[in-house]
Amino acid sequence: MKGFFFTTSNYLVCDKGGIRIAFFRSSKLYFLLSVIILVCLSSFDQPESPSFSPRIVTADTLHVRTGPGLAFSISATLKQNDRVSVIDQQGNWLFVQFQDLEGWISKPHTALLDFNNLSPQQQIELKSTPVIQNAPTDYLKGKTIILDPGHGGKDKGAIGTQGTYEKDLTLRTARFVQEELQNDGATVKLTRTDDSYVELSNRILASNSADLYISIHYNSVANPDLTGLITYFYHDNQDSILAGSVHASLVHHSDLKDKGVRFGDYYVLRENKRPSILLELGFLSNKREETYINSVGYQRRVAHQVAVGIQQYFKQQ
Ligand SMILES: [Zn+2]
């Protein structure tokens with residue numbers, strides 16, 4: 001419920017419409033709960049103004065992310081009792097400042113900081129310098145990555161049970177992956193940036209001067225029951241290592257079935273001079289999976305996990 005929060009196990013804070021009251025919970029004061037709820041409810045019809053009150057982290061650890069959602073990359077980790085300044089809010093996500101760091105954290109894992117309710121020892125602890133662990137995102141700096149959204153133009157690719165064109169979904173995914181990789185410092189080139197037809201031979205030309213190549217596809221088969229993720233490679237050296245890294249990252253955080261890393265005799269892999277893989281990111285021929293893989297949540301998660309897998313690959317080099 002909006003308007004009041006159980007900030008710790010021992011007190012309740014109402015922070016709505018400028019009214020901020022903290023009560024220690026005891027059986028004698030429980031009758032006050034209804035008063036507080038009434039105060040909070042009475043301010044529900046007022047537009048919510050952004051709260052800039054400082055908050056503290058209540059979870060043991062809390063990830064700081066690059067955007068307001070679980071699909072965004074982790075840029076740092078806060079720990080319990082870290083004190084953050086709130087700058088902005090989107091739904092349950094807060095854009096916060098913490099020392100030299102800025103990013104998004106999940107609001108339910110924080111509580112309003114009421115300095116007056118803390119013991120002198122707790123106040124000292126809150127002022128002490130906490131540890132920040134930066135996520136390992138340096139591996140993509142200076143790397144050039146080619147993303148190949150499968151099909152395009154007259155070549156629609158697979159068509160889903162509900163009419164999804166593979167060529168549209170591959171381009172959407174490629175853009176999300178591009179955003180992730182660029183945020184991590186990589187230079188990213190797409191083999192096509194609109195709904196145009198590009199010959200396979202032209203798709204791999206840019207690959208010669210790149211560090212790696214990833215072709216993005218969605219699957220379709222006659223059997224509507226088949227679902228899952230497949231990662232293909234052709235050359236049995238860097239390609240298979242890259243395939244292993246990206247596939248492991250994908251399946252680790254996916255609700256889709258793991259259909260494994262496989263050898264695939266595809267032109268864009270076979271004729272490629274650089275490490276290259278082809279991702280089949282779900283089945284458009286399964287109605288349920290088609291709906292799911294179309295969601296922005298899935299698209300963003302896939303993009304993030306591909307980026308994590310690529311980082312993992314470069315880390316091993
Ligand atoms: Zn395809």
# chains A, B, ... in the order shown; residues from 1 in each chain; ligands from 1
>>> residues_around(residues="stretch 306-316 of chain A", least_positions_apart="3", cutoff="6 Å", atoms="only C-alpha atoms", output="ChimeraX atom specification")
/A:139,181,242,245-246,249,303
>>> write_last_selection(atoms="C-alpha atoms", output="CSV table (one decimal), in the first residue's frame")
chain,number,residue,atom,x,y,z
A,139,TYR,CA,36.1,-6.4,-20.7
A,181,LEU,CA,27.0,-3.6,-25.2
A,242,LEU,CA,32.1,-18.1,-27.3
A,245,SER,CA,29.9,-18.5,-22.5
A,246,VAL,CA,26.9,-16.8,-24.1
A,249,SER,CA,24.7,-16.9,-19.4
A,303,ALA,CA,20.1,-8.5,-24.2
>>> residues_near_ligand(ligand="ligand 1", cutoff="9 Å", atoms="only C-alpha atoms and all ligand atoms", output="list in words")
Pro149, Gly150, His151, Lys156, Gly157, Ala158, Glu166, Lys167, Thr170, Ser215, Ile216, His217, Tyr218, Asn219, Ser220 and Glu280 of chain A
>>> residues_around(residues="stretch 55-69 of chain A", least_positions_apart="3", cutoff="7 Å", atoms="only C-alpha atoms", output="list of chain:residue names")
A:Phe72, A:Ser73, A:Ile74, A:Ser75, A:Ala76, A:Thr77, A:Leu78, A:Lys79, A:Gln80, A:Asn81, A:Asp82, A:Arg83, A:Val84, A:Ser85, A:Gln90, A:Trp93, A:Gly103, A:Trp104, A:Ile105, A:His109, A:Thr110, A:Ala111, A:Leu112, A:Leu113
>>> residues_around(residues="A:Leu140", least_positions_apart="6", cutoff="7 Å", atoms="only C-alpha atoms", output="list in words")
Asp184, Gly185, Ala186 and Gln311 of chain A
>>> closest_residue(among="A:Ala174, A:Leu147, A:Leu94, A:Leu169", to="A:Ser207", atoms="only C-alpha atoms")
A:Leu147
>>> closest_residue(among="A:Phe263, A:Tyr292, A:Tyr234, A:Tyr213", to="A:Ser276", atoms="only C-alpha atoms")
A:Tyr213
>>> closest_residue(among="A:Gln317, A:Ser106, A:Thr144, A:Ser240", to="A:Gln89", atoms="only C-alpha atoms")
A:Ser106
>>> select_by_dssp(residues="stretch 206-277 of chain A", states="strand (DSSP E)", output="number ranges by chain")
A: 212-219, 229-233, 258-263, 276-277
>>> closest_residue(among="A:Phe283, A:Ala71, A:Ile145, A:Lys107", to="A:Val86", atoms="only C-alpha atoms")
A:Lys107
>>> atom_distance(atom1="atom CA of A:Glu289", atom2="atom CA of A:Thr227")
6.9 Å
>>> closest_residue(among="A:His235, A:Arg172, A:Lys143, A:Lys189", to="A:Lys273", atoms="only C-alpha atoms")
A:His235
